[in-house]
$ cat work-v1.cif   # mmCIF, C-alpha atoms
data_model
#
loop_
_atom_site.label_atom_id
_atom_site.label_comp_id
_atom_site.auth_asym_id
_atom_site.auth_seq_id
_atom_site.Cartn_x
_atom_site.Cartn_y
_atom_site.Cartn_z
CA MET A 291 56.07 153.46 -21.32
CA ARG A 292 57.21 156.25 -19.04
CA GLY A 293 56.55 158.81 -21.76
CA ASN A 294 52.84 157.96 -21.65
CA ARG A 295 52.47 158.89 -17.97
CA ILE A 296 53.22 162.57 -18.40
CA PRO A 297 50.69 163.24 -21.20
CA LEU A 298 48.05 161.27 -19.31
CA ALA A 299 48.68 163.30 -16.18
CA LEU A 300 48.45 166.51 -18.20
CA VAL A 301 45.21 165.36 -19.82
CA ALA A 302 43.70 164.51 -16.45
CA ALA A 303 44.91 167.77 -14.92
CA GLY A 304 43.66 169.64 -17.97
CA LEU A 305 40.24 168.10 -17.58
CA VAL A 306 40.04 169.19 -13.98
CA ALA A 307 41.34 172.66 -14.72
CA ALA A 308 39.17 173.27 -17.75
CA GLY A 309 36.05 171.95 -16.12
CA SER A 310 36.13 174.43 -13.29
CA ALA A 311 38.35 177.27 -14.43
CA TRP A 312 35.66 179.78 -13.57
CA ALA A 313 35.65 178.46 -10.02
CA GLN A 314 39.41 179.08 -9.56
CA MET A 315 40.87 175.63 -9.62
CA PRO A 316 43.32 175.92 -12.50
CA GLN A 317 46.03 173.80 -10.94
CA GLY A 318 43.97 170.68 -10.49
CA PRO A 319 43.44 168.94 -7.19
CA GLN A 320 46.43 170.32 -5.33
CA MET A 321 46.17 171.53 -1.75
CA GLU A 322 46.55 175.23 -2.59
CA GLY A 323 43.91 174.98 -5.30
CA MET A 324 41.56 173.04 -3.05
CA ARG A 325 41.83 175.65 -0.28
CA GLY A 326 41.06 178.40 -2.77
CA PHE A 327 38.16 176.37 -4.09
CA ALA A 328 36.74 175.86 -0.57
CA ARG A 329 37.33 179.53 0.27
CA LEU A 330 35.44 180.65 -2.83
CA HIS A 331 32.61 178.25 -2.04
CA LYS A 332 32.27 179.79 1.42
CA GLN A 333 32.55 183.38 0.12
CA LEU A 334 29.80 182.88 -2.43
CA ASN A 335 27.23 182.24 0.33
CA LEU A 336 25.13 180.10 -1.99
CA ASN A 337 21.40 179.70 -1.58
CA PRO A 338 20.00 176.14 -1.40
CA GLN A 339 19.40 175.90 -5.17
CA GLN A 340 22.90 177.15 -5.91
CA GLU A 341 24.39 174.82 -3.32
CA GLU A 342 22.71 171.86 -5.01
CA LEU A 343 24.16 172.95 -8.36
CA TRP A 344 27.60 173.39 -6.76
CA GLN A 345 27.44 169.85 -5.39
CA LYS A 346 26.33 168.47 -8.78
CA ALA A 347 29.15 170.28 -10.58
CA GLN A 348 31.71 169.13 -8.04
CA SER A 349 30.44 165.56 -8.34
CA ALA A 350 30.56 165.70 -12.15
CA GLN A 351 34.13 167.01 -11.95
CA ARG A 352 35.21 164.34 -9.48
CA ASP A 353 33.54 161.57 -11.51
CA ALA A 354 35.15 162.79 -14.73
CA PHE A 355 38.58 162.88 -13.11
CA LYS A 356 38.16 159.35 -11.73
CA ALA A 357 36.95 158.08 -15.10
CA MET A 358 39.94 159.62 -16.88
CA ARG A 359 42.32 158.14 -14.34
CA THR A 360 40.70 154.71 -14.69
CA THR A 361 40.81 154.88 -18.48
CA GLY A 362 44.46 155.91 -18.35
CA GLU A 363 45.31 152.99 -16.08
CA GLN A 364 43.44 150.57 -18.36
CA ASN A 365 45.20 151.95 -21.41
CA ARG A 366 48.61 151.63 -19.77
CA ALA A 367 47.79 148.02 -18.83
CA LYS A 368 46.73 147.24 -22.42
CA LEU A 369 49.87 148.81 -23.82
CA ARG A 370 52.06 147.08 -21.27
CA ALA A 371 50.52 143.69 -22.07
CA GLU A 372 51.12 144.36 -25.77
CA ILE A 373 54.74 145.44 -25.42
CA ASP A 374 55.57 142.66 -22.94
CA LYS A 375 54.88 140.01 -25.59
CA PRO A 376 58.15 138.61 -26.96
CA GLY A 377 58.58 139.73 -30.53
CA ALA A 378 55.93 142.44 -30.18
CA ASP A 379 55.27 144.34 -33.40
CA LEU A 380 56.32 147.90 -32.55
CA LYS A 381 54.39 149.31 -35.48
CA GLN A 382 51.18 147.71 -34.20
CA PHE A 383 52.04 148.85 -30.69
CA ALA A 384 52.33 152.45 -31.89
CA LEU A 385 49.05 152.20 -33.79
CA THR A 386 47.30 150.80 -30.72
CA ARG A 387 48.75 153.59 -28.58
CA ASP A 388 47.50 156.18 -31.08
CA GLN A 389 44.02 154.63 -31.11
CA LEU A 390 43.84 154.57 -27.32
CA ARG A 391 45.05 158.18 -27.18
CA GLU A 392 42.34 159.27 -29.61
CA GLN A 393 39.67 157.39 -27.67
CA MET A 394 40.84 159.03 -24.49
CA ARG A 395 40.88 162.46 -26.13
CA SER A 396 37.28 161.95 -27.27
CA GLN A 397 36.27 160.84 -23.79
CA MET A 398 38.08 163.82 -22.30
CA ASP A 399 36.34 166.25 -24.65
CA ALA A 400 32.92 164.83 -23.76
CA SER A 401 33.73 164.90 -20.05
CA HIS A 402 35.09 168.43 -20.31
CA LYS A 403 31.83 169.63 -21.88
CA GLN A 404 29.72 167.86 -19.27
CA VAL A 405 31.72 169.29 -16.36
CA ARG A 406 31.83 172.78 -17.85
CA ASP A 407 28.08 172.70 -18.46
CA ALA A 408 27.52 171.70 -14.82
CA TRP A 409 29.61 174.63 -13.57
CA PHE A 410 27.93 177.04 -15.98
CA ALA A 411 24.51 175.88 -14.76
CA LEU A 412 25.58 177.16 -11.34
CA TYR A 413 27.23 180.28 -12.74
CA ASP A 414 24.01 181.24 -14.51
CA THR A 415 22.24 181.41 -11.13
CA LEU A 416 24.81 183.68 -9.46
CA ASP A 417 24.05 187.33 -8.82
CA ALA A 418 26.39 190.13 -9.95
CA ASN A 419 28.31 190.17 -6.64
CA GLN A 420 28.87 186.40 -6.72
CA LYS A 421 30.02 186.56 -10.35
CA GLU A 422 32.50 189.28 -9.41
CA GLN A 423 33.85 187.07 -6.61
CA VAL A 424 34.33 184.28 -9.16
CA ARG A 425 36.09 186.67 -11.55
CA LEU A 426 38.46 187.83 -8.82
CA ALA A 427 39.17 184.23 -7.81
CA ILE A 428 40.12 183.44 -11.41
CA VAL A 429 42.42 186.47 -11.55
CA SER A 430 44.06 185.39 -8.29
CA GLY A 431 44.50 181.84 -9.59
CA MET A 432 46.01 183.06 -12.85
CA ASP A 433 48.44 185.22 -10.88
CA ARG A 434 49.47 182.24 -8.73
CA MET A 435 49.89 180.09 -11.82
CA GLY A 436 52.06 182.76 -13.40
CA ARG A 437 54.30 182.91 -10.34
CA GLY A 438 54.52 179.11 -10.30
CA HIS A 439 55.46 179.10 -13.99
CA HIS A 440 58.29 181.53 -13.37
CA ARG A 441 59.62 179.47 -10.46
CA MET A 442 59.34 176.28 -12.47
CA HIS A 443 61.33 177.70 -15.37
CA GLY A 444 63.94 179.49 -13.28
CA ASP A 445 62.74 182.96 -14.23
CA HIS A 446 63.43 185.54 -11.59
CA VAL A 447 61.94 189.00 -11.28
CA GLY A 448 64.39 191.66 -12.32
CA GLN A 449 66.64 189.40 -14.37
CA ALA A 450 64.82 189.86 -17.66
CA ASP A 451 66.48 193.21 -18.33
CA HIS A 452 69.93 192.12 -17.13
CA LYS A 453 72.40 192.01 -20.03
CA ALA A 454 75.56 189.95 -20.23
CA GLY A 455 78.58 191.81 -18.96
CA GLU A 456 76.61 194.13 -16.68
CA GLY A 457 77.25 193.88 -12.97
#
$ encode --input "work-v1.cif" --output "structure tokens"
Amino acid sequence: MRGNRIPLALVAAGLVAAGSAWAQMPQGPQMEGMRGFARLHKQLNLNPQQEELWQKAQSAQRDAFKAMRTTGEQNRAKLRAEIDKPGADLKQFALTRDQLREQMRSQMDASHKQVRDAWFALYDTLDANQKEQVRLAIVSGMDRMGRGHHRMHGDHVGQADHKAGEG
């Protein structure tokens, strides 16, 4: 069962990241990403129409994330109930898990499109300066993600060209 938690978390995080990538929240709802998200919101100096679209997009994103989390919890409960039965048929268990995964993937795809459309509705109203601020926020977020990836995998700057035997 533990193996199902990681993919679900990645799916949920992916939904959040994909839905608002243009708005610089690639890491999901982590504190650093949320500060950057709030900072961008303030920098954009949205007019009332844009602010309403921002709020709608944020709400759609939050609702989609909650729905995915709820679905994941329900799926885990269904699978747990199935596997907890004495003499459970592991083949049927695997088939059920696959079906639930596909249903969740379909739900995620639909939610992803809905959230992305909500953010693009706002993006379409931005002026050239605001769009440039969004672009720069994305670049900054990608840079932070790259640095996080290197730390996570133990990569260190300057070690890539180091050859064995050199001091």
$ atom_distance --input "work-v1.cif" --atom1 "atom CA of Phe383 of chain A" --atom2 "atom CA of Asn365 of chain A"
11.9 Å
$ resolve_selection --input "work-v1.cif" --expression "the PyMOL selection byres ((chain A and resi 361) around 12)" --output "list of chain:residue names"
A:Leu298, A:Ala299, A:Val301, A:Ala302, A:Ala354, A:Phe355, A:Lys356, A:Ala357, A:Met358, A:Arg359, A:Thr360, A:Gly362, A:Glu363, A:Gln364, A:Asn365, A:Arg366, A:Ala367, A:Lys368, A:Leu390, A:Arg391, A:Gln393, A:Met394, A:Arg395, A:Ser396, A:Gln397, A:Met398
$ atom_distance --input "work-v1.cif" --atom1 "atom CA of Leu385 of chain A" --atom2 "atom CA of Lys403 of chain A"
27.2 Å
$ atom_distance --input "work-v1.cif" --atom1 "atom CA of Trp409 of chain A" --atom2 "atom CA of Ala347 of chain A"
5.3 Å
$ closest_residue --input "work-v1.cif" --among "A:Leu380, A:Leu334, A:Ala328, A:Ala400" --to "Ala418 of chain A" --atoms "only C-alpha atoms"
A:Leu334
$ resolve_selection --input "work-v1.cif" --expression "the PyMOL selection byres ((chain A and resi 412) around 9)" --output "ChimeraX atom specification"
/A:339-344,347,407-411,413-416
